[in-house]
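In what follows, a structure is listed as structure tokens, so that the remarks can point back to it.
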Amino acid sequence: MKTWITYTTALLMGLAVALLFGNMAGASDVIGAISSYLINLGMFITIPMIVFSFSSAIASMRKDGIGVKCAKNLLLWTVLTSLLLPLVSSLLYIAFPFAFPVTGSAGSSGDIVGTYALYLAESSLSSFSPVNPFYTMTVSSKMIVALVLIMWIFGCFLKPSSDTIRPAYAVMNSFSEVMYRVAKFYAIYGYIMVFFTSSNLFMSLYEEKTVLAAPMFVICLCITVLIILLLLLPLLFSFMTGFKRNPYRSLHQQMASLIMAATSADILFSYPAMLSISRTNQGVQKRIASGTGTFSFIISRGGSAAIITSVTLSMIYAITGNIDMNIALLTAFASSLVSFSLAFFSSMETVIGTFLVLKILNINLYGAEAAIISIVPLVGGLAAMLDTAIAFFACKITAANINIDTEAPYKDLI
């Protein structure tokens, strides 16, 4: 059975579980613990996939001299999405403003967000310390920027330019193929994990009551996401590919990884599934999926920037009672700038991103930004879904513009 069917079914079953057992004592804790364990399991696969597949992809790109072409496509796509997505989000907010709701963490001190942001930044930067590369590999966890940098350097020197290097390149390529087999298994049976992550998502939203107490906030935010996902991104994709590829076919084929990202609020959790589905369903070569996809997950965070823009404006509106065009545009631009640093704050992008935008704009909301913490599963999930969509579009665009993509027959789709 195709993944978009099994994952959608798992999502609906997760909603049913939340409705049936949402009031049961201890149910939320059990589901939350299982969900957290499964997300960590996803990272258990993501790290070795970066180590083997990404470095092998860089070496292969250098071997065939397509690295510069891939980089140009990715950079153009990143600039377009990072600028236009938050801009559209701000314009939609001006047209239909909505106030940020009161949440369970609204009374927390704003210093909590700042302190946590400083802690994550220090942890990420410390991973760049050139002490032991193997130590960096083992403790990377969600701080993957340093790991990607190490494997990029390794991949550059892995180029099979001599007889002595070719065996090493062949070994790494073989390990990469093994990881893609693991990723395919992960993608096919990932609906089991999505069942628990979606149950945890809906239970947390049910307990928080924000969806019930402030439905307009959720509705407007979801409408913004749908406009970006179904209209803006497909239009940009068509522009980048010269209107020669069908963006909705790609969206349909990648639905599983979008659901996985949305229910977990963690873009790295969907990383193995996204790469496997890109290769199998979209006909993207392994080296393009691993190389472009990995870099996109780090620098192409226009989806998070769009959510941060909406959330920040809704907070300002809730405090001040009005929003003008200048503030909206400045917020969008600040969110675009902040998006390039979000890889250092994995799974907390929306919270810390909003905090950083407010600091850039010199706006003091007296700790109101801490209110986002309670609804991270919602806003973080929507941001992760958009960022995952941007990443797989980046893979398809790069492959299409280099003319090395194929259209997989329906029977071979997963």
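Following the order of the structure tokens, chains are lettered A, B, ..., residues in each are numbered from 1, and ligands are numbered from 1.
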Who sits within 9 Å of Phe333 (chain A), only C-alpha atoms, same chain under 6 positions skipped, as JSON, numbers by chain: {"A": [83, 86, 87, 309]}
Among A:Leu382, A:Ile66, A:Leu330, A:Ala146, Ile50 (chain A) is approached most closely, using only C-alpha atoms, by A:Ala146
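CA of Thr224 (chain A) is positioned 16.4 Å from CA of Thr388 (chain A).
You can rank A:Leu15, A:Ile39, A:Met172, A:Met385 by their closest distance to Leu229 (chain A) using only C-alpha atoms, and at the top of that list sits A:Met385.
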Name all residues at most 9 Å from Thr350 (chain A) (count only C-alpha atoms; drop same-chain ones fewer than 3 positions away) and give them as number ranges by chain. A: 304-305, 307-308, 311, 342, 347, 353-355, 372, 376, 379-380, 383
Identify, on the basis of only C-alpha atoms, every residue whose closest approach to Thr406 (chain A) does not exceed 12 Å; exclude the query and any residue fewer than 5 positions from it along the same chain; express the result as number ranges by chain. A: 245, 278-285, 396, 399-401
Serialized selection, N, CA and C atoms, as a PDB file, in the first residue's frame:
```pdb
ATOM      1  N   ARG A 245       7.815  20.556 -15.059  1.00  0.00           N
ATOM      2  CA  ARG A 245       7.530  19.502 -14.092  1.00  0.00           C
ATOM      3  C   ARG A 245       6.246  19.848 -13.349  1.00  0.00           C
ATOM      4  N   SER A 278      12.169  10.830  -2.186  1.00  0.00           N
ATOM      5  CA  SER A 278      12.666  11.637  -3.302  1.00  0.00           C
ATOM      6  C   SER A 278      13.329  10.747  -4.346  1.00  0.00           C
ATOM      7  N   ARG A 279      14.110   9.807  -3.873  1.00  0.00           N
ATOM      8  CA  ARG A 279      14.815   8.914  -4.801  1.00  0.00           C
ATOM      9  C   ARG A 279      13.849   7.944  -5.479  1.00  0.00           C
ATOM     10  N   THR A 280      12.974   7.316  -4.712  1.00  0.00           N
ATOM     11  CA  THR A 280      12.112   6.267  -5.251  1.00  0.00           C
ATOM     12  C   THR A 280      10.927   6.826  -6.030  1.00  0.00           C
ATOM     13  N   ASN A 281      10.245   7.806  -5.466  1.00  0.00           N
ATOM     14  CA  ASN A 281       9.010   8.313  -6.083  1.00  0.00           C
ATOM     15  C   ASN A 281       9.261   9.396  -7.125  1.00  0.00           C
ATOM     16  N   GLN A 282      10.275  10.233  -6.915  1.00  0.00           N
ATOM     17  CA  GLN A 282      10.492  11.369  -7.816  1.00  0.00           C
ATOM     18  C   GLN A 282      11.618  11.143  -8.819  1.00  0.00           C
ATOM     19  N   GLY A 283      12.274   9.993  -8.731  1.00  0.00           N
ATOM     20  CA  GLY A 283      13.331   9.702  -9.689  1.00  0.00           C
ATOM     21  C   GLY A 283      14.558  10.577  -9.539  1.00  0.00           C
ATOM     22  N   VAL A 284      14.806  11.079  -8.321  1.00  0.00           N
ATOM     23  CA  VAL A 284      15.974  11.913  -8.047  1.00  0.00           C
ATOM     24  C   VAL A 284      17.146  11.003  -7.693  1.00  0.00           C
ATOM     25  N   GLN A 285      18.281  11.230  -8.303  1.00  0.00           N
ATOM     26  CA  GLN A 285      19.453  10.410  -8.011  1.00  0.00           C
ATOM     27  C   GLN A 285      19.857  10.532  -6.547  1.00  0.00           C
ATOM     28  N   LYS A 396      14.145  17.965  -6.355  1.00  0.00           N
ATOM     29  CA  LYS A 396      13.553  17.759  -7.681  1.00  0.00           C
ATOM     30  C   LYS A 396      13.987  18.854  -8.651  1.00  0.00           C
ATOM     31  N   ALA A 399      17.646  18.200  -9.729  1.00  0.00           N
ATOM     32  CA  ALA A 399      17.728  17.063 -10.649  1.00  0.00           C
ATOM     33  C   ALA A 399      17.141  17.414 -12.015  1.00  0.00           C
ATOM     34  N   ALA A 400      16.027  18.150 -12.024  1.00  0.00           N
ATOM     35  CA  ALA A 400      15.377  18.499 -13.289  1.00  0.00           C
ATOM     36  C   ALA A 400      16.235  19.453 -14.113  1.00  0.00           C
ATOM     37  N   ASN A 401      16.852  20.411 -13.463  1.00  0.00           N
ATOM     38  CA  ASN A 401      17.649  21.402 -14.191  1.00  0.00           C
ATOM     39  C   ASN A 401      18.978  20.847 -14.696  1.00  0.00           C
TER      40      ASN A 401
END
```
Do you know which residues are at most 10 Å from region 258-262 of chain A counting only C-alpha atoms, after dropping those on the same chain fewer than 5 positions away, and could you put them as an mmCIF file with C-alpha atoms, in the first residue's frame?
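And here is the file that came out, out-v6.cif:
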```cif
data_model
loop_
_atom_site.group_PDB
_atom_site.id
_atom_site.type_symbol
_atom_site.label_atom_id
_atom_site.label_comp_id
_atom_site.auth_asym_id
_atom_site.auth_seq_id
_atom_site.Cartn_x
_atom_site.Cartn_y
_atom_site.Cartn_z
ATOM 1 C CA TRP A 4 0.365 8.548 1.417
ATOM 2 C CA TYR A 7 0.332 7.767 6.670
ATOM 3 C CA THR A 8 -3.017 9.525 6.230
ATOM 4 C CA ALA A 10 -2.248 6.716 10.790
ATOM 5 C CA LEU A 11 -2.890 10.453 11.139
ATOM 6 C CA ALA A 187 9.632 5.345 5.025
ATOM 7 C CA GLY A 190 6.971 5.008 9.263
ATOM 8 C CA TYR A 191 3.185 5.121 9.561
ATOM 9 C CA MET A 193 5.638 6.099 14.242
ATOM 10 C CA VAL A 194 3.244 8.652 12.750
ATOM 11 C CA PHE A 195 0.382 7.000 14.624
ATOM 12 C CA THR A 197 3.431 11.210 16.966
ATOM 13 C CA SER A 198 0.002 12.276 15.679
ATOM 14 C CA LEU A 201 0.158 16.042 18.776
ATOM 15 C CA LEU A 251 3.535 17.066 -3.414
ATOM 16 C CA HIS A 252 1.333 14.014 -3.698
ATOM 17 C CA GLN A 253 4.292 11.660 -3.794
ATOM 18 C CA ILE A 267 12.349 18.323 10.459
ATOM 19 C CA LEU A 268 15.189 15.859 11.094
ATOM 20 C CA PHE A 269 12.687 13.138 12.003
ATOM 21 C CA SER A 270 11.413 13.219 8.415
ATOM 22 C CA TYR A 271 14.910 13.403 6.879
ATOM 23 C CA ALA A 273 11.858 9.331 4.647
ATOM 24 C CA MET A 274 12.203 12.489 2.554
ATOM 25 C CA PRO A 377 3.627 20.973 18.593
ATOM 26 C CA LEU A 378 1.259 23.029 16.404
ATOM 27 C CA VAL A 379 3.396 25.910 15.123
ATOM 28 C CA GLY A 380 6.569 23.807 15.052
ATOM 29 C CA GLY A 381 4.776 21.073 13.132
ATOM 30 C CA LEU A 382 3.488 23.476 10.485
ATOM 31 C CA ALA A 383 6.965 25.013 10.123
ATOM 32 C CA ALA A 384 8.618 21.587 9.817
ATOM 33 C CA MET A 385 6.104 20.528 7.179
ATOM 34 C CA LEU A 386 6.805 23.597 5.019
ATOM 35 C CA ASP A 387 10.576 23.201 5.424
ATOM 36 C CA THR A 388 10.334 19.550 4.391
ATOM 37 C CA ALA A 389 8.317 20.553 1.320
ATOM 38 C CA PHE A 392 12.150 17.891 -1.496
#
```
